file input_25.cif (mmCIF, C-alpha atoms)
data_upload
loop_
_atom_site.group_PDB
_atom_site.id
_atom_site.type_symbol
_atom_site.label_atom_id
_atom_site.label_comp_id
_atom_site.auth_asym_id
_atom_site.auth_seq_id
_atom_site.Cartn_x
_atom_site.Cartn_y
_atom_site.Cartn_z
ATOM 1 C CA PRO A 202 0.000 0.000 0.000
ATOM 2 C CA VAL A 203 0.953 3.608 -0.538
ATOM 3 C CA PRO A 204 1.757 5.517 2.674
ATOM 4 C CA ASN A 205 -0.093 8.767 3.303
ATOM 5 C CA TRP A 206 3.103 10.846 3.081
ATOM 6 C CA GLN A 207 3.730 9.537 -0.425
ATOM 7 C CA PHE A 208 0.161 10.216 -1.559
ATOM 8 C CA LYS A 209 0.465 13.744 -0.106
ATOM 9 C CA LYS A 210 3.623 14.241 -2.180
ATOM 10 C CA PHE A 211 1.647 13.199 -5.270
ATOM 11 C CA MET A 212 -1.221 15.565 -4.412
ATOM 12 C CA ASP A 213 1.138 18.508 -3.896
ATOM 13 C CA ALA A 214 3.191 17.827 -7.035
ATOM 14 C CA SER A 215 0.320 17.079 -9.390
ATOM 15 C CA GLY A 216 -2.462 19.302 -8.042
ATOM 16 C CA TYR A 217 -4.748 16.301 -8.482
ATOM 17 C CA ARG A 218 -8.375 16.646 -7.430
ATOM 18 C CA PRO A 219 -10.867 13.827 -8.000
ATOM 19 C CA LYS A 220 -13.949 14.191 -10.163
ATOM 20 C CA ASP A 221 -15.993 12.859 -7.260
ATOM 21 C CA ALA A 222 -14.631 14.180 -3.968
ATOM 22 C CA HIS A 223 -17.288 12.536 -1.758
ATOM 23 C CA ASN A 224 -15.342 10.700 0.986
ATOM 24 C CA PHE A 225 -12.047 11.321 -0.827
ATOM 25 C CA LEU A 226 -9.221 11.030 1.738
ATOM 26 C CA ARG A 227 -11.830 11.062 4.483
ATOM 27 C CA ASP A 228 -9.202 10.273 7.145
ATOM 28 C CA TRP A 229 -7.148 13.388 6.323
ATOM 29 C CA VAL A 230 -7.542 16.760 8.052
ATOM 30 C CA ASP A 231 -7.238 20.058 6.149
ATOM 31 C CA GLY A 232 -5.702 18.419 3.089
ATOM 32 C CA ALA A 233 -3.037 16.399 4.912
ATOM 33 C CA PRO A 234 -2.712 13.114 6.820
ATOM 34 C CA ARG A 235 -3.591 13.313 10.501
ATOM 35 C CA LYS A 236 -0.655 13.732 12.844
ATOM 36 C CA GLY A 237 0.872 10.285 13.345
ATOM 37 C CA TRP A 238 -0.766 8.885 10.193
ATOM 38 C CA GLU A 239 2.011 9.763 7.732
ATOM 39 C CA ASN A 240 3.180 6.154 7.376
ATOM 40 C CA LYS A 241 -0.263 4.546 7.449
ATOM 41 C CA PRO A 242 -1.628 3.356 4.102
ATOM 42 C CA VAL A 243 -3.679 5.901 2.235
ATOM 43 C CA THR A 244 -7.398 5.060 2.395
ATOM 44 C CA TRP A 245 -10.601 6.472 0.972
ATOM 45 C CA VAL A 246 -9.405 6.623 -2.620
ATOM 46 C CA SER A 247 -11.377 5.406 -5.613
ATOM 47 C CA ILE A 248 -10.013 3.161 -8.311
ATOM 48 C CA GLU A 249 -9.706 6.237 -10.518
ATOM 49 C CA ASP A 250 -7.683 8.038 -7.818
ATOM 50 C CA ALA A 251 -5.436 4.986 -7.406
ATOM 51 C CA ARG A 252 -4.939 4.731 -11.160
ATOM 52 C CA VAL A 253 -3.940 8.422 -11.476
ATOM 53 C CA TYR A 254 -1.509 8.074 -8.568
ATOM 54 C CA ALA A 255 0.051 4.957 -10.110
ATOM 55 C CA LYS A 256 0.531 6.727 -13.439
ATOM 56 C CA TRP A 257 2.139 9.704 -11.676
ATOM 57 C CA ALA A 258 4.508 7.281 -9.896
ATOM 58 C CA GLY A 259 5.421 5.630 -13.222
ATOM 59 C CA LYS A 260 3.484 2.479 -12.388
ATOM 60 C CA ARG A 261 0.055 0.922 -12.900
ATOM 61 C CA LEU A 262 -2.424 -0.986 -10.814
ATOM 62 C CA PRO A 263 -1.733 -4.718 -10.851
ATOM 63 C CA HIS A 264 -4.126 -7.097 -12.484
ATOM 64 C CA GLU A 265 -5.829 -9.392 -9.984
ATOM 65 C CA TRP A 266 -3.711 -12.359 -11.017
ATOM 66 C CA GLU A 267 -0.500 -10.279 -10.662
ATOM 67 C CA TRP A 268 -1.519 -9.271 -7.141
ATOM 68 C CA GLN A 269 -2.180 -12.944 -6.328
ATOM 69 C CA TYR A 270 1.195 -13.996 -7.729
ATOM 70 C CA ALA A 271 2.973 -11.281 -5.703
ATOM 71 C CA ALA A 272 1.191 -12.517 -2.570
ATOM 72 C CA GLN A 273 1.456 -16.266 -3.113
ATOM 73 C CA GLY A 274 4.441 -16.904 -5.361
ATOM 74 C CA CYS A 275 4.720 -20.174 -7.252
ATOM 75 C CA ASP A 276 4.612 -22.654 -4.408
ATOM 76 C CA GLY A 277 0.890 -22.550 -3.563
ATOM 77 C CA ARG A 278 1.353 -21.164 -0.059
ATOM 78 C CA ARG A 279 -1.775 -20.263 1.937
ATOM 79 C CA TYR A 280 -0.496 -16.893 3.159
ATOM 80 C CA PRO A 281 2.084 -14.497 1.732
ATOM 81 C CA TRP A 282 4.618 -15.597 4.410
ATOM 82 C CA GLY A 283 3.963 -19.368 4.219
ATOM 83 C CA ASN A 284 1.425 -22.048 5.092
ATOM 84 C CA ALA A 285 1.106 -21.548 8.856
ATOM 85 C CA TRP A 286 -0.873 -18.686 10.340
ATOM 86 C CA ASN A 287 1.401 -16.117 11.982
ATOM 87 C CA PRO A 288 -0.394 -13.443 14.035
ATOM 88 C CA GLU A 289 2.787 -11.312 13.973
ATOM 89 C CA ALA A 290 2.521 -11.074 10.170
ATOM 90 C CA VAL A 291 -0.739 -9.114 10.181
ATOM 91 C CA PRO A 292 -2.458 -6.400 12.211
ATOM 92 C CA GLN A 293 -4.242 -7.575 15.330
ATOM 93 C CA PRO A 294 -7.935 -8.241 14.597
ATOM 94 C CA CYS A 295 -10.282 -5.424 15.549
ATOM 95 C CA VAL A 296 -13.540 -6.607 17.083
ATOM 96 C CA ALA A 297 -14.550 -3.221 18.506
ATOM 97 C CA ARG A 298 -17.682 -1.370 17.430
ATOM 98 C CA GLU A 299 -15.595 1.085 15.432
ATOM 99 C CA MET A 300 -12.694 0.247 13.219
ATOM 100 C CA ARG A 301 -9.330 1.455 14.467
ATOM 101 C CA PRO A 302 -6.759 3.016 12.120
ATOM 102 C CA PRO A 303 -4.705 0.691 9.931
ATOM 103 C CA ASP A 304 -1.184 -0.226 10.986
ATOM 104 C CA ASP A 305 1.799 1.525 9.405
ATOM 105 C CA VAL A 306 2.823 0.140 6.031
ATOM 106 C CA ASP A 307 6.043 -1.367 7.364
ATOM 107 C CA ALA A 308 4.736 -2.625 10.726
ATOM 108 C CA HIS A 309 4.690 -6.342 9.859
ATOM 109 C CA PRO A 310 7.888 -7.429 8.080
ATOM 110 C CA GLN A 311 7.119 -11.072 9.034
ATOM 111 C CA GLY A 312 4.214 -10.882 6.573
ATOM 112 C CA ALA A 313 6.414 -10.364 3.518
ATOM 113 C CA SER A 314 5.571 -12.382 0.419
ATOM 114 C CA PRO A 315 8.175 -14.520 -1.388
ATOM 115 C CA PHE A 316 9.047 -11.348 -3.335
ATOM 116 C CA GLY A 317 9.355 -9.148 -0.246
ATOM 117 C CA VAL A 318 6.019 -7.394 -0.753
ATOM 118 C CA LEU A 319 4.455 -6.248 2.540
ATOM 119 C CA ASP A 320 0.885 -5.720 3.751
ATOM 120 C CA LEU A 321 -0.855 -8.128 1.437
ATOM 121 C CA ALA A 322 -3.125 -9.469 4.168
ATOM 122 C CA GLY A 323 -5.265 -7.886 6.846
ATOM 123 C CA ASN A 324 -4.391 -4.187 6.865
ATOM 124 C CA VAL A 325 -6.387 -2.439 4.130
ATOM 125 C CA TRP A 326 -8.232 -3.396 0.984
ATOM 126 C CA GLN A 327 -6.202 -2.820 -2.180
ATOM 127 C CA TRP A 328 -7.370 -2.008 -5.686
ATOM 128 C CA THR A 329 -6.414 -4.172 -8.629
ATOM 129 C CA ASP A 330 -7.031 -3.059 -12.187
ATOM 130 C CA GLU A 331 -10.391 -3.567 -13.776
ATOM 131 C CA TYR A 332 -11.533 -6.601 -15.648
ATOM 132 C CA THR A 333 -13.756 -5.799 -18.600
ATOM 133 C CA ASP A 334 -15.462 -7.758 -21.313
ATOM 134 C CA ALA A 335 -18.419 -7.131 -23.610
ATOM 135 C CA ARG A 336 -20.957 -7.334 -20.747
ATOM 136 C CA MET A 337 -19.269 -6.300 -17.516
ATOM 137 C CA ARG A 338 -16.708 -4.190 -15.743
ATOM 138 C CA ALA A 339 -15.336 -5.177 -12.346
ATOM 139 C CA ALA A 340 -12.428 -4.359 -10.075
ATOM 140 C CA ILE A 341 -11.227 -6.937 -7.611
ATOM 141 C CA LEU A 342 -10.261 -5.822 -4.106
ATOM 142 C CA ARG A 343 -7.471 -7.738 -2.402
ATOM 143 C CA GLY A 344 -5.686 -7.609 0.928
ATOM 144 C CA GLY A 345 -8.489 -7.366 3.432
ATOM 145 C CA SER A 346 -9.026 -5.454 6.617
ATOM 146 C CA ASN A 347 -8.373 -6.251 10.250
ATOM 147 C CA PHE A 348 -11.941 -5.225 11.133
ATOM 148 C CA GLN A 349 -14.009 -8.242 12.158
ATOM 149 C CA PRO A 350 -17.513 -7.160 13.186
ATOM 150 C CA GLN A 351 -18.968 -9.609 15.684
ATOM 151 C CA THR A 352 -22.651 -8.914 15.117
ATOM 152 C CA SER A 353 -24.886 -7.016 12.755
ATOM 153 C CA HIS A 354 -24.816 -3.856 14.910
ATOM 154 C CA TRP A 355 -22.253 -2.369 12.520
ATOM 155 C CA TYR A 356 -25.005 -2.240 9.889
ATOM 156 C CA PHE A 357 -27.319 -0.312 12.197
ATOM 157 C CA PRO A 358 -25.188 1.373 14.879
ATOM 158 C CA GLN A 359 -27.950 3.861 15.737
ATOM 159 C CA ALA A 360 -30.029 0.957 17.061
ATOM 160 C CA TYR A 361 -27.557 0.492 19.896
ATOM 161 C CA ARG A 362 -27.425 3.986 21.353
ATOM 162 C CA LEU A 363 -28.298 4.102 24.997
ATOM 163 C CA GLY A 364 -30.668 6.705 26.420
ATOM 164 C CA GLN A 365 -30.103 8.610 29.656
ATOM 165 C CA HIS A 366 -31.358 5.649 31.717
ATOM 166 C CA GLY A 367 -29.243 3.037 29.941
ATOM 167 C CA LYS A 368 -32.098 1.770 27.781
ATOM 168 C CA VAL A 369 -31.605 0.955 24.130
ATOM 169 C CA LEU A 370 -33.019 3.602 21.827
ATOM 170 C CA LEU A 371 -34.466 2.195 18.608
#
call {"tool": "encode", "arguments": {"input": "input_25.cif", "output": "structure tokens"}}
result
Amino acid sequence: PVPNWQFKKFMDASGYRPKDAHNFLRDWVDGAPRKGWENKPVTWVSIEDARVYAKWAGKRLPHEWEWQYAAQGCDGRRYPWGNAWNPEAVPQPCVAREMRPPDDVDAHPQGASPFGVLDLAGNVWQWTDEYTDARMRAAILRGGSNFQPQTSHWYFPQAYRLGQHGKVLL
């Protein structure tokens, strides 16, 4: 993933502004990453935003199969780091009512893929390039999040507010 400081560099150098700014860089404050978030992965970007950034950086979004190859290599491993689950290789699961910030992009070196690629599991969702044919257009998200909601209250959080006497307000 791209760290916030790097995406900020792109924004400053290119003057980029999205066509649809709704929720764009929603975690930033006054056009910059929050204090302490400089090395966290940039979030709240659309596929178009990610594509423009990649072009600016002299790159492109990976195809879904390229992302999978970077994560899994040629040996059929279950996780980027191997076949056994390693809790040190990924962010700690978040089972709270609200999702906590992602971990820094270099926080889990034990999670490196066979090619040394980091953060391919459990930190943030990552865009891959679109698949198109005559009838459809789709982008595949990879990577995943550490947020693991335990019930359906995350769909309807307002249903769990407590009133002044500790009773549930519906």
call {"tool": "atom_distance", "arguments": {"input": "input_25.cif", "atom1": "atom CA of Phe348 of chain A", "atom2": "atom CA of Arg261 of chain A"}}
result
27.6 Å
call {"tool": "closest_residue", "arguments": {"input": "input_25.cif", "among": "A:Trp266, A:Trp245, A:Tyr332, A:Trp206", "to": "Pro219 of chain A", "atoms": "all atoms listed in the file"}}
result
A:Trp245
call {"tool": "closest_residue", "arguments": {"input": "input_25.cif", "among": "A:Asn284, A:Gln293, A:Thr333, A:Ser247", "to": "Asp221 of chain A", "atoms": "all atoms listed in the file"}}
result
A:Ser247
call {"tool": "closest_residue", "arguments": {"input": "input_25.cif", "among": "A:Ala335, A:Ala222, A:Ala214, A:Ala290", "to": "Ala258 of chain A", "atoms": "only C-alpha atoms"}}
result
A:Ala214
call {"tool": "atom_distance", "arguments": {"input": "input_25.cif", "atom1": "atom CA of Pro204 of chain A", "atom2": "atom CA of Glu299 of chain A"}}
result
22.0 Å
